[in-house]
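Structure data (mmCIF, C-alpha atoms) from structure.cif:
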```
data_target
loop_
_atom_site.label_atom_id
_atom_site.label_comp_id
_atom_site.auth_asym_id
_atom_site.auth_seq_id
_atom_site.Cartn_x
_atom_site.Cartn_y
_atom_site.Cartn_z
CA LEU A 1 -34.77 26.69 12.24
CA LYS A 2 -31.36 25.03 12.13
CA PRO A 3 -28.78 26.76 9.91
CA CYS A 4 -26.53 23.71 10.29
CA PHE A 5 -28.87 21.64 8.08
CA LEU A 6 -26.88 22.50 4.96
CA GLY A 7 -23.69 23.24 6.82
CA LYS A 8 -23.33 19.61 7.82
CA LEU A 9 -23.19 18.64 4.14
CA ILE A 10 -20.59 21.12 2.94
CA ASN A 11 -17.38 22.94 3.80
CA ASN A 12 -18.17 26.13 5.70
CA LYS A 13 -16.24 28.27 3.20
CA LEU A 14 -17.67 26.71 0.07
CA LEU A 15 -20.71 28.98 -0.24
CA ILE A 16 -19.22 32.36 0.68
CA ASN A 17 -20.42 34.97 -1.87
CA LYS A 18 -21.97 32.27 -4.06
CA ASN A 19 -25.26 33.08 -5.79
CA ILE A 20 -27.87 30.55 -4.73
CA PHE A 21 -31.38 30.38 -6.20
CA ILE A 22 -33.93 28.70 -3.89
CA SER A 23 -37.45 27.94 -5.12
CA GLY A 24 -40.21 27.70 -2.52
CA SER A 25 -37.93 29.63 -0.18
CA TYR A 26 -40.50 30.60 2.45
CA GLY A 27 -41.94 27.11 2.95
CA ASN A 28 -41.01 24.93 5.91
CA LEU A 29 -37.95 23.28 4.36
CA GLY A 30 -37.18 26.31 2.18
CA LYS A 31 -36.69 28.46 5.28
CA ILE A 32 -34.23 25.96 6.70
CA ILE A 33 -32.25 25.80 3.47
CA ALA A 34 -32.24 29.60 3.04
CA GLU A 35 -31.01 30.17 6.57
CA GLY A 36 -28.37 27.48 6.17
CA CYS A 37 -27.01 29.24 3.11
CA ALA A 38 -27.33 32.71 4.65
CA ALA A 39 -25.33 31.57 7.68
CA GLN A 40 -22.47 30.83 5.28
CA SER A 41 -22.57 34.29 3.68
CA SER A 42 -24.18 33.28 0.39
CA ASN A 43 -26.01 35.70 -1.88
CA LEU A 44 -29.61 34.47 -2.13
CA ILE A 45 -32.26 34.62 -4.82
CA LEU A 46 -35.50 33.76 -3.05
CA ASN A 47 -38.36 32.47 -5.16
CA GLY A 48 -42.06 32.01 -4.42
CA LYS A 49 -45.50 33.15 -5.53
CA ASN A 50 -46.32 35.37 -2.53
CA ILE A 51 -44.40 38.64 -2.62
CA ASP A 52 -45.36 39.60 0.94
CA LYS A 53 -43.90 36.39 2.37
CA LEU A 54 -40.77 36.86 0.28
CA LYS A 55 -40.31 40.41 1.57
CA VAL A 56 -40.66 39.30 5.20
CA GLN A 57 -38.14 36.49 4.66
CA LYS A 58 -35.70 38.87 2.98
CA LYS A 59 -35.97 41.43 5.79
CA ASN A 60 -35.40 38.80 8.51
CA LEU A 61 -32.38 37.23 6.80
CA ILE A 62 -30.70 40.55 6.01
CA GLU A 63 -31.14 41.76 9.59
CA LYS A 64 -29.57 38.57 10.93
CA TYR A 65 -26.85 37.83 8.37
CA LYS A 66 -26.21 41.10 6.44
CA ILE A 67 -26.19 39.34 3.07
CA LYS A 68 -27.31 40.24 -0.45
CA ILE A 69 -30.79 39.00 -1.36
CA GLU A 70 -32.80 39.30 -4.55
CA LEU A 71 -36.47 38.36 -4.82
CA ALA A 72 -37.82 36.31 -7.73
CA GLN A 73 -41.59 36.39 -7.42
CA PHE A 74 -43.20 34.07 -9.96
CA ASP A 75 -44.90 30.70 -10.33
CA ILE A 76 -42.26 28.20 -11.48
CA SER A 77 -44.89 26.16 -13.35
CA ASN A 78 -45.50 29.15 -15.64
CA GLU A 79 -42.99 28.58 -18.45
CA ILE A 80 -43.27 32.11 -19.84
CA LYS A 81 -42.62 33.78 -16.47
CA VAL A 82 -39.62 31.55 -15.76
CA LYS A 83 -38.18 32.18 -19.22
CA ASN A 84 -38.73 35.95 -18.90
CA TYR A 85 -37.04 36.07 -15.50
CA PHE A 86 -33.87 34.36 -16.67
CA SER A 87 -33.76 36.34 -19.90
CA THR A 88 -33.37 39.52 -17.81
CA TYR A 89 -31.20 38.04 -15.03
CA LYS A 90 -27.62 38.94 -16.01
CA ASP A 91 -25.54 37.54 -13.15
CA LYS A 92 -24.29 33.99 -12.68
CA ILE A 93 -25.95 31.33 -10.54
CA ASN A 94 -23.64 29.00 -8.65
CA VAL A 95 -26.31 26.76 -7.12
CA LEU A 96 -29.93 26.15 -8.10
CA ILE A 97 -31.97 24.49 -5.35
CA ASN A 98 -35.31 23.17 -6.59
CA ASN A 99 -37.27 22.99 -3.38
CA ALA A 100 -40.77 24.24 -4.29
CA HIS A 101 -43.47 21.62 -4.20
CA SER A 102 -47.21 21.22 -3.99
CA SER A 103 -49.34 18.28 -2.94
CA LYS A 104 -52.83 17.69 -1.65
CA MET A 105 -53.07 15.17 1.18
CA GLY A 106 -55.61 12.42 0.80
CA SER A 107 -56.21 8.79 -0.14
CA VAL A 108 -56.73 7.60 -3.73
CA ASP A 109 -60.45 8.46 -3.81
CA LYS A 110 -59.74 12.00 -2.56
CA ILE A 111 -57.26 12.95 -5.30
CA ASN A 112 -58.85 13.99 -8.59
CA LYS A 113 -57.31 14.87 -11.95
CA LYS A 114 -57.03 18.57 -11.06
CA ASP A 115 -55.15 17.75 -7.84
CA PHE A 116 -52.82 15.39 -9.69
CA LEU A 117 -52.02 17.92 -12.40
CA GLU A 118 -51.35 20.70 -9.85
CA THR A 119 -48.84 18.45 -8.09
CA LEU A 120 -47.11 17.54 -11.37
CA ASN A 121 -47.05 21.18 -12.49
CA SER A 122 -45.24 22.32 -9.36
CA ASN A 123 -43.04 19.35 -8.50
CA LEU A 124 -42.09 18.27 -12.00
CA ILE A 125 -42.89 20.85 -14.69
CA GLY A 126 -41.84 23.78 -12.47
CA THR A 127 -38.53 22.16 -11.60
CA THR A 128 -37.87 21.36 -15.25
CA ASN A 129 -38.60 24.98 -16.20
CA LEU A 130 -36.00 26.23 -13.74
CA VAL A 131 -33.40 23.69 -14.82
CA LYS A 132 -33.90 24.53 -18.52
CA PHE A 133 -34.06 28.32 -18.39
CA SER A 134 -31.34 28.87 -15.77
CA LEU A 135 -28.75 27.16 -17.98
CA ASN A 136 -27.04 30.32 -19.26
CA SER A 137 -26.78 31.70 -15.72
CA LEU A 138 -25.30 28.42 -14.48
CA LYS A 139 -22.83 28.29 -17.38
CA LYS A 140 -21.40 31.70 -16.42
CA ASN A 141 -19.78 30.06 -13.41
CA ASN A 142 -17.73 27.59 -15.46
CA SER A 143 -14.55 29.68 -15.45
CA GLU A 144 -14.31 29.37 -11.66
CA SER A 145 -15.74 25.97 -10.79
CA SER A 146 -18.63 23.71 -11.62
CA SER A 147 -22.19 24.87 -10.95
CA SER A 148 -24.66 22.70 -9.08
CA ILE A 149 -28.36 21.89 -9.33
CA ILE A 150 -29.92 20.26 -6.28
CA ASN A 151 -33.41 18.80 -6.63
CA ILE A 152 -35.19 18.24 -3.33
CA SER A 153 -36.84 14.85 -3.64
CA SER A 154 -38.44 12.47 -1.15
CA ILE A 155 -38.25 8.90 0.06
CA TYR A 156 -41.84 8.62 -1.19
CA GLY A 157 -40.47 8.81 -4.72
CA VAL A 158 -38.66 5.55 -3.94
CA VAL A 159 -40.96 3.72 -1.50
CA SER A 160 -44.63 3.91 -0.61
CA PRO A 161 -45.67 5.53 2.67
CA TYR A 162 -47.04 3.29 5.44
CA LEU A 163 -50.68 3.78 4.48
CA ASP A 164 -52.01 2.01 7.58
CA ILE A 165 -50.86 4.83 9.88
CA TYR A 166 -52.79 7.56 8.05
CA ASP A 167 -56.46 8.47 8.02
CA LYS A 168 -58.23 9.16 4.71
CA ASN A 169 -57.73 12.92 4.79
CA ASN A 170 -54.11 12.94 5.95
CA THR A 171 -52.62 10.27 3.70
CA ASN A 172 -49.45 11.14 1.81
CA SER A 173 -50.93 11.05 -1.69
CA PHE A 174 -49.92 8.87 -4.63
CA SER A 175 -49.59 12.00 -6.78
CA TYR A 176 -46.80 13.36 -4.55
CA GLY A 177 -44.83 10.10 -4.71
CA ALA A 178 -45.31 9.82 -8.46
CA SER A 179 -44.03 13.36 -9.01
CA LYS A 180 -40.93 12.72 -6.89
CA ALA A 181 -40.20 9.41 -8.64
CA ALA A 182 -40.32 11.24 -11.96
CA LEU A 183 -38.13 13.99 -10.50
CA ASN A 184 -35.47 11.40 -9.62
CA GLN A 185 -35.45 10.17 -13.23
CA ILE A 186 -35.28 13.70 -14.64
CA THR A 187 -32.35 14.37 -12.30
CA LYS A 188 -30.46 11.43 -13.82
CA TYR A 189 -31.22 12.66 -17.33
CA PHE A 190 -30.04 16.22 -16.69
CA ALA A 191 -26.98 14.98 -14.79
CA ILE A 192 -25.81 13.36 -18.02
CA TYR A 193 -26.98 16.13 -20.35
CA TYR A 194 -25.54 19.03 -18.30
CA SER A 195 -22.21 17.33 -17.58
CA LYS A 196 -20.83 18.77 -20.84
CA PHE A 197 -21.37 22.24 -19.34
CA ASN A 198 -19.55 21.30 -16.11
CA ILE A 199 -22.84 21.46 -14.20
CA ARG A 200 -23.61 18.82 -11.57
CA VAL A 201 -27.22 17.70 -11.06
CA ASN A 202 -28.23 15.68 -7.99
CA SER A 203 -31.27 14.83 -5.90
CA LEU A 204 -31.52 14.92 -2.12
CA ILE A 205 -33.99 12.15 -1.26
CA LEU A 206 -35.22 13.29 2.13
CA GLY A 207 -37.39 11.79 4.82
CA PRO A 208 -40.07 13.79 6.69
CA PHE A 209 -39.50 17.45 7.61
CA PRO A 210 -42.89 18.33 9.15
CA SER A 211 -43.56 21.86 10.32
CA LYS A 212 -44.21 22.64 13.99
CA GLU A 213 -47.78 23.48 13.03
CA PHE A 214 -48.31 20.06 11.43
CA ILE A 215 -46.84 18.23 14.44
CA LYS A 216 -48.99 20.25 16.86
CA LYS A 217 -52.14 19.59 14.84
CA ASN A 218 -51.36 15.91 14.18
CA LYS A 219 -49.55 14.66 17.29
CA ILE A 220 -50.69 11.03 17.03
CA LEU A 221 -49.87 10.78 13.31
CA SER A 222 -46.52 12.50 13.82
CA ASN A 223 -45.55 9.99 16.50
CA LYS A 224 -46.58 7.08 14.26
CA ILE A 225 -44.45 8.42 11.40
CA LYS A 226 -41.49 8.97 13.71
CA GLU A 227 -41.74 5.38 14.94
CA LYS A 228 -41.19 4.18 11.36
CA ILE A 229 -37.91 6.10 11.10
CA PRO A 230 -34.83 4.10 12.25
CA LEU A 231 -33.39 7.06 14.22
CA LYS A 232 -36.85 7.92 15.63
CA ARG A 233 -36.56 11.57 14.69
CA PHE A 234 -37.54 13.93 11.89
CA GLY A 235 -35.03 15.62 9.60
CA ASN A 236 -35.46 18.95 11.34
CA ASP A 237 -35.26 17.63 14.92
#
```

So that I can check it, write out the structure of this file as structure tokens.
Amino acid sequence: LKPCFLGKLINNKLLINKNIFISGSYGNLGKIIAEGCAAQSSNLILNGKNIDKLKVQKKNLIEKYKIKIELAQFDISNEIKVKNYFSTYKDKINVLINNAHSSKMGSVDKINKKDFLETLNSNLIGTTNLVKFSLNSLKKNNSESSSSIINISSIYGVVSPYLDIYDKNNTNSFSYGASKAALNQITKYFAIYYSKFNIRVNSLILGPFPSKEFIKKNKILSNKIKEKIPLKRFGND
């Protein structure tokens, strides 16, 4: 993991003691983001569905960085659970990072309605739930400086993947790209709507960040994807 991932984008002192909520915190990219923030002495709120994975992540980050961490174990696509969490959360949130996502790999004939809806529920509905119900917590920061919402999007919400380099089971699905394209539009909408509260809303439209496990299991595909990238490297290289 490279703590400098986020550090390259911001001033090193900007996130000290800031409260940062990260959805999907124990996933591949979520771990990188969480460690990047922890390395800059942020207070973290780690979100995910698996409490055991959250506890392990919390333990490891506290041992390494001695920071404050709160766990928020719930499914972001469940509107009631998201609403209940933020109705009892009394502190401010400086930064909300919408990183959680779900997507089944596969070509058009492999993705059914259930798969499509699961992707939309996580990538789109879940993100919208967090943006909506965290508003009061984000507004509490207004006396100091503006709050920020960062939606983790993808280049596949802007362009289509190179379908000729994938096999049928490993294709980056249309449902994933559709959800990220919609996320980009929702980001624009909330950027305008939340501006009156002094809250900034932006998307990071990222290229591939494959896990070590994926690269090891799919060496040929990984090399083909890397060849399509101008710098010939992944985001986490």

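When all atoms listed in the file are used to compute distances to Ile97 in chain A, the closest of the residues A:Ala38, A:Val131, A:Ile192, A:Val158 turns out to be A:Val131.
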
If the PyMOL selection byres ((chain A and resi 41-56) around 6) were run on this exact file, what residues would it hold? Put them as a CSV table (one decimal) with C-alpha atoms, keeping the file's coordinate frame.
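Generated file (expr-v1.csv):
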```
chain,number,residue,atom,x,y,z
A,15,LEU,CA,-20.7,29.0,-0.2
A,16,ILE,CA,-19.2,32.4,0.7
A,17,ASN,CA,-20.4,35.0,-1.9
A,18,LYS,CA,-22.0,32.3,-4.1
A,19,ASN,CA,-25.3,33.1,-5.8
A,20,ILE,CA,-27.9,30.6,-4.7
A,21,PHE,CA,-31.4,30.4,-6.2
A,22,ILE,CA,-33.9,28.7,-3.9
A,23,SER,CA,-37.4,27.9,-5.1
A,24,GLY,CA,-40.2,27.7,-2.5
A,25,SER,CA,-37.9,29.6,-0.2
A,37,CYS,CA,-27.0,29.2,3.1
A,38,ALA,CA,-27.3,32.7,4.6
A,39,ALA,CA,-25.3,31.6,7.7
A,40,GLN,CA,-22.5,30.8,5.3
A,57,GLN,CA,-38.1,36.5,4.7
A,58,LYS,CA,-35.7,38.9,3.0
A,59,LYS,CA,-36.0,41.4,5.8
A,68,LYS,CA,-27.3,40.2,-0.4
A,69,ILE,CA,-30.8,39.0,-1.4
A,70,GLU,CA,-32.8,39.3,-4.6
A,71,LEU,CA,-36.5,38.4,-4.8
A,72,ALA,CA,-37.8,36.3,-7.7
A,73,GLN,CA,-41.6,36.4,-7.4
A,74,PHE,CA,-43.2,34.1,-10.0
A,75,ASP,CA,-44.9,30.7,-10.3
```

Quiz item: Can you list, as JSON, numbers by chain, every protein, DNA or RNA residue that comes within 9 Å of range 209-221 of chain A when you count all atoms listed in the file, leaving out same-chain residues fewer than 6 positions away?
Solution: {"A": [28, 29, 165, 166, 167, 170, 234, 235, 236, 237]}

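Going from CA of Ser145 in chain A to CA of Ser203 in chain A covers 19.7 Å.
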
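In this structure, CA of Ser179 in chain A sits 27.2 Å away from CA of Lys139 in chain A.
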
Self-check item: Residue among A:Pro208, A:Gly126, A:Gly27, A:Gly106 lying closest to Ile155 in chain A, counting all atoms listed in the file
Solution: A:Pro208

Quiz item: Could you pull the residues within 12 Å of Ile111 in chain A, counting only C-alpha atoms, minus those fewer than 3 positions along the same chain, as a ChimeraX atom specification?
Solution: /A:103-108,114-119,168-176

Quiz item: Any idea what's packed within 9 Å of Asn202 in chain A, counting all atoms listed in the file, ignoring anything in its chain fewer than 4 positions away? Could you give it as an MDAnalysis selection string?
Solution: chainID A and resid 148:152 184 187:188 190:191

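The nearest approach to Arg200 in chain A among the residues A:Ile33, A:Leu135, A:Leu163, A:Ala181, with all atoms listed in the file taken into account, belongs to A:Leu135.
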
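Between CA of Ile80 in chain A and CA of Ala34 in chain A the interatomic distance comes to 25.5 Å.
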
Quiz item: Which residue out of A:Leu183, A:Ser222, A:Ser137, A:Lys81 has the minimum interatomic distance to Tyr156 in chain A when only C-alpha atoms are used?
Solution: A:Leu183

Please provide as a PDB file with C-alpha atoms, in the coordinates of the input all residues within 10 Å of Asn141 in chain A, with the sequence filter that same-chain residues fewer than 5 positions apart are discarded (counting all atoms listed in the file).
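Saved as around30.pdb:
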```
ATOM      1  CA  LYS A  18     -21.970  32.270  -4.060  1.00  0.00           C
ATOM      2  CA  ASN A  19     -25.260  33.080  -5.790  1.00  0.00           C
ATOM      3  CA  ASP A  91     -25.540  37.540 -13.150  1.00  0.00           C
ATOM      4  CA  LYS A  92     -24.290  33.990 -12.680  1.00  0.00           C
ATOM      5  CA  ILE A  93     -25.950  31.330 -10.540  1.00  0.00           C
ATOM      6  CA  ASN A  94     -23.640  29.000  -8.650  1.00  0.00           C
ATOM      7  CA  VAL A  95     -26.310  26.760  -7.120  1.00  0.00           C
ATOM      8  CA  ASN A 136     -27.040  30.320 -19.260  1.00  0.00           C
ATOM      9  CA  SER A 146     -18.630  23.710 -11.620  1.00  0.00           C
ATOM     10  CA  SER A 147     -22.190  24.870 -10.950  1.00  0.00           C
ATOM     11  CA  SER A 148     -24.660  22.700  -9.080  1.00  0.00           C
ATOM     12  CA  PHE A 197     -21.370  22.240 -19.340  1.00  0.00           C
ATOM     13  CA  ASN A 198     -19.550  21.300 -16.110  1.00  0.00           C
ATOM     14  CA  ILE A 199     -22.840  21.460 -14.200  1.00  0.00           C
TER      15      ILE A 199
END
```

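Closest approach to Ser154 in chain A from the set A:His101, A:Lys140, A:Lys113, A:Arg233 is made by A:His101, with distances taken over all atoms listed in the file.
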
Quiz item: From the set A:Leu206, A:Glu227, A:Gly36, A:Thr128, which residue has the shortest atom-to-atom contact distance to Gln185 in chain A, counting all atoms listed in the file?
Solution: A:Thr128

Practice problem: Using the chain letters and residue numbers of this document, give as a PyMOL selection string the residues selected by the PyMOL selection byres ((chain A and resi 84) around 12). | Solution: chain A and resi 72-76+78-83+85-90+129-130+133-134

Write out, as a PDB file, in the frame of the given file, the residues just selected, with C-alpha atoms.
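This went into result-v2.pdb:
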```pdb
ATOM      1  CA  ALA A  72     -37.820  36.310  -7.730  1.00  0.00           C
ATOM      2  CA  GLN A  73     -41.590  36.390  -7.420  1.00  0.00           C
ATOM      3  CA  PHE A  74     -43.200  34.070  -9.960  1.00  0.00           C
ATOM      4  CA  ASP A  75     -44.900  30.700 -10.330  1.00  0.00           C
ATOM      5  CA  ILE A  76     -42.260  28.200 -11.480  1.00  0.00           C
ATOM      6  CA  ASN A  78     -45.500  29.150 -15.640  1.00  0.00           C
ATOM      7  CA  GLU A  79     -42.990  28.580 -18.450  1.00  0.00           C
ATOM      8  CA  ILE A  80     -43.270  32.110 -19.840  1.00  0.00           C
ATOM      9  CA  LYS A  81     -42.620  33.780 -16.470  1.00  0.00           C
ATOM     10  CA  VAL A  82     -39.620  31.550 -15.760  1.00  0.00           C
ATOM     11  CA  LYS A  83     -38.180  32.180 -19.220  1.00  0.00           C
ATOM     12  CA  TYR A  85     -37.040  36.070 -15.500  1.00  0.00           C
ATOM     13  CA  PHE A  86     -33.870  34.360 -16.670  1.00  0.00           C
ATOM     14  CA  SER A  87     -33.760  36.340 -19.900  1.00  0.00           C
ATOM     15  CA  THR A  88     -33.370  39.520 -17.810  1.00  0.00           C
ATOM     16  CA  TYR A  89     -31.200  38.040 -15.030  1.00  0.00           C
ATOM     17  CA  LYS A  90     -27.620  38.940 -16.010  1.00  0.00           C
ATOM     18  CA  ASN A 129     -38.600  24.980 -16.200  1.00  0.00           C
ATOM     19  CA  LEU A 130     -36.000  26.230 -13.740  1.00  0.00           C
ATOM     20  CA  PHE A 133     -34.060  28.320 -18.390  1.00  0.00           C
ATOM     21  CA  SER A 134     -31.340  28.870 -15.770  1.00  0.00           C
TER      22      SER A 134
END
```
